[in-house]
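Worksheet for the structure shown next.
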Amino acid sequence: MKRPVKIIVVGGNAAGPAAAAKAKRYNPNADVLLFEASKFISTGTCEMPYVISGEINDYRKIVFFSPESFQKEKGVKVFVKHFVQEIDTKKKTITAKDLIENKVIEQDYDRLILATGSKAKTLPGFDTQVKNIFTLKNINDLIRLDEYIRANQVTKSIIIGSGYIGLEAGEALVKRNIRVTIIEKENKPLPGADIEFSDEILKIMNQNKVKFLGGIKEVEPVISGEKLIAVRIEDKFIETDLVIHSVGFEPETLLAQSAKLELGKSGAIKVDRYLKTSDSSIYAAGDNVEILNAVTEKPDYIPLAAHAYDLGHIAGENAAGGNVRCEPLVKNISIKIFNKFFASVGLSSSEAIKYGFKAEESFAKARNLVSVMPESEYVIGKVLADKGSKRILGASFLGGKEVSGYADLLSALIKMKAPASILSKINFNYTPPLSPFVNLLSLIGKKFN
């Protein structure tokens, strides 16, 4: 029988509920408490653009547990609308503000798990307290944006930033019959992508009447009364009915800093292979931590929901008495861009240079099905390999739904430190309605032989 232990989890999005549920499951004798500042726990964030577009017709469908159902099903005590203000590491207590009854409470712990996640970055002057300036980070942001669109005559919009969230939000607004202008400080959309892909993504945006303004270093809001009415770029004014900020995320570490926990170079919480922080009683998991990158074998900041969920399970088990190691992670991201999908795994070309690799690359364009099939379309792919060891460093793909499978296969090969030439030796399946006669990956792999 595992010994009783009191575990407090701070944060209720992806990592927090995963950690709390796993801790209770691993050690049924544990007393597990979950604190969340908002009124929602266990929510989908990647699904939010599809609520905006109407493809998911109710935001409640991406709230997977209520506090009551989570407590009943998982055996975890849930405190929503409770903002954790302070950690006393010597007394092993937290202080939280009960936002419902407007009072301060204190709770002791044996183990503490910080799953505080990340927060949206904003540009100077773009105050989200202004009625029509938005970020898209959580369910509260989603509800606020959706309600504003429903209540007002919104015909034109500006999105600042053309990363994953910016592109997804742009497509969602187009589907709501709202004109979209995307402003980006870099010259091409999706700045993390290699040039071959950002050029194609720009074509897709143009085909869907999304206006892209690249190379914009400074944007200034024009606010009248309680609303933003335009943005100024040098001497040009662009009128808009709303603005969505999509300029990236940063780890939410105020609580960790107040507890004097050690941070990594990225500003995220530094953890060991068991997700333990510099305080032996405190673990951390999710978008607030640095983890080892499987390609570089160095600490990295990779804020992705699927990773946060997996890390939450590890932190939960270990806080409850387990001894699970967190393996280095391969960054594996995909995004829908209108009728196409983009997937990126491992390192991009610019990241390979940044980390000191001398890389060689193979690029190919091929059909996802044999040309006689009516659904046959082109897919493009690029794989990077280290010149010395020949192992795969990363890959990118743009095409149909098949790119998800390509990226997952490459993720596994990267984890195994496989050479790029292995792609030409794989026995790919073939059937006309499902797969091509000659697979794109096989073509790419032959160039490494």
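Naming scheme: A, B, ... for chains in displayed order of the structure tokens; residues 1 onward per chain; ligands 1 onward as shown.
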Checklist entry - Excluding same-chain residues fewer than 6 positions from Gly16 (chain A), what lies within 8 Å of it counting only C-alpha atoms, as a VMD selection string? => result chain A and resid 9 to 10 34 113 to 116 285 to 286 312
With region 165-182 of chain A as the partner and 9 Å as the cut-off, tabulate the residues of region 244-313 of chain A that qualify, each row holding the nearest pair of atoms and their distance in Å to one decimal, using only C-alpha atoms, sorted by chain and rising number, as a Markdown table.
| residue | atom | partner | partner_atom | distance |
| --- | --- | --- | --- | --- |
| A:Ile244 | CA | A:Gly166 | CA | 8.0 |
| A:His245 | CA | A:Gly166 | CA | 7.8 |
| A:Ser246 | CA | A:Gly166 | CA | 5.3 |
| A:Val247 | CA | A:Gly166 | CA | 8.1 |
| A:Gly248 | CA | A:Ile165 | CA | 8.5 |
For the selection just defined, write its residues with N, CA and C atoms to a file, as a PDB file, in the first residue's frame.
ATOM      1  N   ILE A 244      -6.750  40.642 -33.424  1.00  0.00           N
ATOM      2  CA  ILE A 244      -6.335  39.469 -32.651  1.00  0.00           C
ATOM      3  C   ILE A 244      -4.818  39.451 -32.587  1.00  0.00           C
ATOM      4  N   HIS A 245      -4.305  39.396 -31.365  1.00  0.00           N
ATOM      5  CA  HIS A 245      -2.868  39.264 -31.147  1.00  0.00           C
ATOM      6  C   HIS A 245      -2.447  37.816 -31.285  1.00  0.00           C
ATOM      7  N   SER A 246      -1.469  37.555 -32.107  1.00  0.00           N
ATOM      8  CA  SER A 246      -0.922  36.203 -32.237  1.00  0.00           C
ATOM      9  C   SER A 246       0.585  36.297 -32.420  1.00  0.00           C
ATOM     10  N   VAL A 247       1.235  36.844 -31.394  1.00  0.00           N
ATOM     11  CA  VAL A 247       2.678  37.099 -31.498  1.00  0.00           C
ATOM     12  C   VAL A 247       3.482  36.160 -30.609  1.00  0.00           C
ATOM     13  N   GLY A 248       2.875  35.039 -30.264  1.00  0.00           N
ATOM     14  CA  GLY A 248       3.618  34.022 -29.535  1.00  0.00           C
ATOM     15  C   GLY A 248       3.207  33.883 -28.085  1.00  0.00           C
TER      16      GLY A 248
END
Item to check | Residue neighbourhood Thr43 (chain A), 6 Å, only C-alpha atoms, exclusion window fewer than 2 positions, as a list in words | outcome: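 Those residues are Asn13, Ile41, Ile62, Val63 and Phe64 of chain A.
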Generate the output file for the selected residues, C-alpha atoms, as an mmCIF file, in the first residue's frame.
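Once written, selection30.cif looks like this:
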data_model
loop_
_atom_site.group_PDB
_atom_site.id
_atom_site.type_symbol
_atom_site.label_atom_id
_atom_site.label_comp_id
_atom_site.auth_asym_id
_atom_site.auth_seq_id
_atom_site.Cartn_x
_atom_site.Cartn_y
_atom_site.Cartn_z
ATOM 1 C CA ASN A 13 -5.680 23.231 -18.574
ATOM 2 C CA ILE A 41 -10.674 23.048 -16.266
ATOM 3 C CA ILE A 62 -14.248 21.510 -25.801
ATOM 4 C CA VAL A 63 -14.699 21.704 -22.031
ATOM 5 C CA PHE A 64 -14.112 18.045 -21.293
#
Next on the checklist: What does the structure give for the distance between CA of Leu369 (chain A) and CA of Ser334 (chain A), in Å to one decimal?
Outcome noted: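 A separation of 20.7 Å between them.
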Show me, as a tab-separated table (two decimals) with N, CA and C atoms, in the first residue's frame, the residues that have an atom within 8 Å of Ala308 (chain A) when counting only C-alpha atoms, minus same-chain residues fewer than 2 positions from it.
chain	number	residue	atom	x	y	z
A	14	ALA	N	-4.14	21.61	-19.65
A	14	ALA	CA	-3.79	20.28	-20.16
A	14	ALA	C	-2.98	19.49	-19.15
A	15	ALA	N	-1.84	20.07	-18.71
A	15	ALA	CA	-0.94	19.33	-17.82
A	15	ALA	C	-1.53	19.12	-16.43
A	285	ALA	N	5.18	20.85	-14.90
A	285	ALA	CA	4.89	20.17	-16.16
A	285	ALA	C	4.05	21.06	-17.05
A	286	GLY	N	4.28	20.94	-18.36
A	286	GLY	CA	3.45	21.67	-19.32
A	286	GLY	C	4.20	22.79	-20.00
A	287	ASP	N	3.46	23.81	-20.39
A	287	ASP	CA	4.02	24.91	-21.16
A	287	ASP	C	4.89	25.85	-20.33
A	303	PRO	N	6.18	24.57	-26.26
A	303	PRO	CA	4.83	24.64	-25.68
A	303	PRO	C	3.76	24.04	-26.60
A	304	LEU	N	3.50	22.76	-26.44
A	304	LEU	CA	2.50	22.05	-27.25
A	304	LEU	C	1.58	21.27	-26.33
A	305	ALA	N	0.29	21.26	-26.65
A	305	ALA	CA	-0.71	20.64	-25.78
A	305	ALA	C	-0.46	19.16	-25.56
A	306	ALA	N	-0.10	18.43	-26.62
A	306	ALA	CA	0.11	16.99	-26.48
A	306	ALA	C	1.29	16.70	-25.56
A	310	ASP	N	1.32	14.75	-21.76
A	310	ASP	CA	2.23	13.65	-21.43
A	310	ASP	C	3.09	14.00	-20.21
A	311	LEU	N	3.60	15.24	-20.18
A	311	LEU	CA	4.42	15.66	-19.05
A	311	LEU	C	3.62	15.68	-17.76
A	312	GLY	N	2.34	16.06	-17.86
A	312	GLY	CA	1.48	16.06	-16.68
A	312	GLY	C	1.38	14.68	-16.06
Next on the checklist: Using only C-alpha atoms, which protein or nucleic acid residues come within 12 Å of Phe357 (chain A)? Drop anything in the same chain fewer than 2 positions from it, and give the result as a VMD selection string.
Outcome noted: chain A and resid 295 to 296 347 to 355 359 to 360 384 to 394
Item to check | All strand (DSSP E or B) residues (DSSP, backbone) inside region 227-403 of chain A, as a PyMOL selection string | outcome: chain A and resi 227-233+236-239+242-245+249-251+263+269+276+282-284+289+291-293+299-300+329+332-337+340-346+359-367+378-386+391-399
Suppose we keep C-alpha atoms; can you now write the selection as a PDB file, in the first residue's frame?
ATOM      1  CA  LYS A 227     -12.529  50.739 -29.209  1.00  0.00           C
ATOM      2  CA  LEU A 228      -9.605  50.290 -31.537  1.00  0.00           C
ATOM      3  CA  ILE A 229     -10.651  51.713 -34.906  1.00  0.00           C
ATOM      4  CA  ALA A 230      -7.456  51.251 -36.930  1.00  0.00           C
ATOM      5  CA  VAL A 231      -3.783  50.390 -36.818  1.00  0.00           C
ATOM      6  CA  ARG A 232      -1.047  52.641 -38.117  1.00  0.00           C
ATOM      7  CA  ILE A 233       1.894  51.300 -40.111  1.00  0.00           C
ATOM      8  CA  LYS A 236      -0.672  54.292 -43.500  1.00  0.00           C
ATOM      9  CA  PHE A 237      -3.848  53.618 -41.503  1.00  0.00           C
ATOM     10  CA  ILE A 238      -5.769  50.349 -41.812  1.00  0.00           C
ATOM     11  CA  GLU A 239      -9.300  50.440 -40.458  1.00  0.00           C
ATOM     12  CA  LEU A 242     -11.207  43.972 -34.306  1.00  0.00           C
ATOM     13  CA  VAL A 243      -7.615  42.888 -33.721  1.00  0.00           C
ATOM     14  CA  ILE A 244      -6.335  39.469 -32.651  1.00  0.00           C
ATOM     15  CA  HIS A 245      -2.868  39.264 -31.147  1.00  0.00           C
ATOM     16  CA  PHE A 249       3.558  32.622 -26.022  1.00  0.00           C
ATOM     17  CA  GLU A 250       5.859  32.764 -23.022  1.00  0.00           C
ATOM     18  CA  PRO A 251       5.973  30.549 -19.939  1.00  0.00           C
ATOM     19  CA  LEU A 263      14.626  28.946 -14.421  1.00  0.00           C
ATOM     20  CA  ILE A 269      11.150  26.416 -15.221  1.00  0.00           C
ATOM     21  CA  LYS A 276      11.399  17.856 -10.324  1.00  0.00           C
ATOM     22  CA  ILE A 282       7.904  20.762  -6.212  1.00  0.00           C
ATOM     23  CA  TYR A 283       7.385  19.338  -9.696  1.00  0.00           C
ATOM     24  CA  ALA A 284       6.435  21.228 -12.854  1.00  0.00           C
ATOM     25  CA  VAL A 289       8.945  24.054 -18.307  1.00  0.00           C
ATOM     26  CA  ILE A 291      12.525  19.826 -21.562  1.00  0.00           C
ATOM     27  CA  LEU A 292      15.303  18.062 -23.467  1.00  0.00           C
ATOM     28  CA  ASN A 293      15.062  18.324 -27.237  1.00  0.00           C
ATOM     29  CA  PRO A 299      17.006  22.020 -22.866  1.00  0.00           C
ATOM     30  CA  ASP A 300      14.333  23.600 -25.061  1.00  0.00           C
ATOM     31  CA  LEU A 329      10.951  15.157 -26.940  1.00  0.00           C
ATOM     32  CA  ASN A 332       6.077  17.567 -33.970  1.00  0.00           C
ATOM     33  CA  ILE A 333       3.563  20.206 -35.088  1.00  0.00           C
ATOM     34  CA  SER A 334       0.826  20.253 -37.720  1.00  0.00           C
ATOM     35  CA  ILE A 335      -1.653  22.891 -38.843  1.00  0.00           C
ATOM     36  CA  LYS A 336      -4.571  23.125 -41.264  1.00  0.00           C
ATOM     37  CA  ILE A 337      -4.325  26.038 -43.716  1.00  0.00           C
ATOM     38  CA  LYS A 340      -3.986  22.070 -47.092  1.00  0.00           C
ATOM     39  CA  PHE A 341      -2.039  20.801 -44.096  1.00  0.00           C
ATOM     40  CA  PHE A 342       1.464  21.732 -42.991  1.00  0.00           C
ATOM     41  CA  ALA A 343       3.530  19.548 -40.669  1.00  0.00           C
ATOM     42  CA  SER A 344       6.934  20.214 -39.164  1.00  0.00           C
ATOM     43  CA  VAL A 345       8.973  17.753 -37.120  1.00  0.00           C
ATOM     44  CA  GLY A 346      12.377  18.127 -35.475  1.00  0.00           C
ATOM     45  CA  ALA A 359      22.938  20.004 -42.615  1.00  0.00           C
ATOM     46  CA  GLU A 360      22.217  18.587 -46.035  1.00  0.00           C
ATOM     47  CA  GLU A 361      18.700  18.512 -47.400  1.00  0.00           C
ATOM     48  CA  SER A 362      16.479  16.654 -49.815  1.00  0.00           C
ATOM     49  CA  PHE A 363      13.346  18.220 -51.280  1.00  0.00           C
ATOM     50  CA  ALA A 364      10.732  16.503 -53.439  1.00  0.00           C
ATOM     51  CA  LYS A 365       7.285  17.039 -54.886  1.00  0.00           C
ATOM     52  CA  ALA A 366       5.072  14.086 -55.678  1.00  0.00           C
ATOM     53  CA  ARG A 367       1.446  13.003 -55.823  1.00  0.00           C
ATOM     54  CA  TYR A 378       0.645  17.171 -55.027  1.00  0.00           C
ATOM     55  CA  VAL A 379       2.438  17.039 -51.693  1.00  0.00           C
ATOM     56  CA  ILE A 380       5.849  18.560 -51.045  1.00  0.00           C
ATOM     57  CA  GLY A 381       8.393  17.461 -48.492  1.00  0.00           C
ATOM     58  CA  LYS A 382      11.839  18.325 -47.227  1.00  0.00           C
ATOM     59  CA  VAL A 383      14.117  16.324 -44.926  1.00  0.00           C
ATOM     60  CA  LEU A 384      17.263  17.610 -43.213  1.00  0.00           C
ATOM     61  CA  ALA A 385      20.169  15.366 -42.229  1.00  0.00           C
ATOM     62  CA  ASP A 386      23.426  15.967 -40.404  1.00  0.00           C
ATOM     63  CA  ARG A 391      21.053  11.135 -39.027  1.00  0.00           C
ATOM     64  CA  ILE A 392      17.736  12.876 -39.638  1.00  0.00           C
ATOM     65  CA  LEU A 393      17.463  16.306 -37.993  1.00  0.00           C
ATOM     66  CA  GLY A 394      14.022  17.410 -39.141  1.00  0.00           C
ATOM     67  CA  ALA A 395      11.430  17.484 -41.874  1.00  0.00           C
ATOM     68  CA  SER A 396       8.529  19.539 -43.218  1.00  0.00           C
ATOM     69  CA  PHE A 397       5.556  18.642 -45.409  1.00  0.00           C
ATOM     70  CA  LEU A 398       2.715  20.496 -47.117  1.00  0.00           C
ATOM     71  CA  GLY A 399      -0.193  18.657 -48.712  1.00  0.00           C
TER      72      GLY A 399
END
Checklist entry - Closest to Gly163 (chain A) among A:Gly192, A:Gly44, A:Gly225, A:Ile302, using only C-alpha atoms? => result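 Using only C-alpha atoms, Gly163 (chain A) sits closest to A:Gly192.
Nearest to Asn152 (chain A) of all the residues A:Asp241, A:Pro67, A:Ile87, A:Leu112 is A:Asp241, counting only C-alpha atoms.
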Checklist entry - A:Ser280, A:Asn339, A:Asn29, A:Asn102: which is nearest Ile201 (chain A), counting only C-alpha atoms? => result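 Of all the options, A:Asn339 lies closest to Ile201 (chain A).
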Checklist entry - What residues in region 383-430 of chain A get the DSSP label helix (DSSP H, G or I)? Please answer as a list in words. => result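 DSSP-assigned helix (DSSP H, G or I) residues in region 383-430 of chain A: Glu402, Val403, Ser404, Gly405, Tyr406, Ala407, Asp408, Leu409, Leu410, Ser411, Ala412, Leu413, Ile414, Lys415, Ala420, Ser421, Ile422, Leu423, Ser424 and Lys425 of chain A.
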Could the residues in this selection be written to a file with C-alpha atoms, as a short mmCIF file (atom, residue, chain, number, x, y, z; two decimals), in the first residue's frame?
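Everything below was put into selection.cif:
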data_model
loop_
_atom_site.label_atom_id
_atom_site.label_comp_id
_atom_site.auth_asym_id
_atom_site.auth_seq_id
_atom_site.Cartn_x
_atom_site.Cartn_y
_atom_site.Cartn_z
CA GLU A 402 -1.11 12.25 -45.41
CA VAL A 403 1.41 14.78 -44.04
CA SER A 404 0.43 13.84 -40.49
CA GLY A 405 1.57 10.26 -41.07
CA TYR A 406 4.78 11.43 -42.73
CA ALA A 407 5.61 13.65 -39.76
CA ASP A 408 4.85 10.89 -37.23
CA LEU A 409 7.08 8.43 -39.08
CA LEU A 410 9.90 10.98 -39.22
CA SER A 411 9.41 11.71 -35.51
CA ALA A 412 10.01 8.03 -34.72
CA LEU A 413 13.08 7.89 -36.97
CA ILE A 414 14.50 11.04 -35.36
CA LYS A 415 14.00 9.49 -31.92
CA ALA A 420 18.08 9.76 -43.74
CA SER A 421 18.89 7.05 -46.29
CA ILE A 422 16.57 4.66 -44.40
CA LEU A 423 13.63 6.41 -46.06
CA SER A 424 14.52 4.79 -49.39
CA LYS A 425 14.56 1.32 -47.80
#
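The smallest atom-to-atom distance between Ala19 (chain A) and any of A:Lys61, A:Lys209, A:Lys119, A:His313, using only C-alpha atoms, is found for A:His313.
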Checklist entry - So what do you get for CA of Ile158 (chain A) versus CA of Ile183 (chain A), distance-wise? => result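 Straight-line distance from CA of Ile158 (chain A) to CA of Ile183 (chain A) works out to 7.3 Å.
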Next on the checklist: Counting only C-alpha atoms, which residue out of A:Lys358, A:Leu123, A:Phe197, A:Glu147 sits closest to Lys217 (chain A)?
Outcome noted: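 The shortest atom-to-atom distance to Lys217 (chain A) comes from A:Leu123.
Across the model, the gap from CA of Cys46 (chain A) to CA of Ala18 (chain A) is 16.5 Å.
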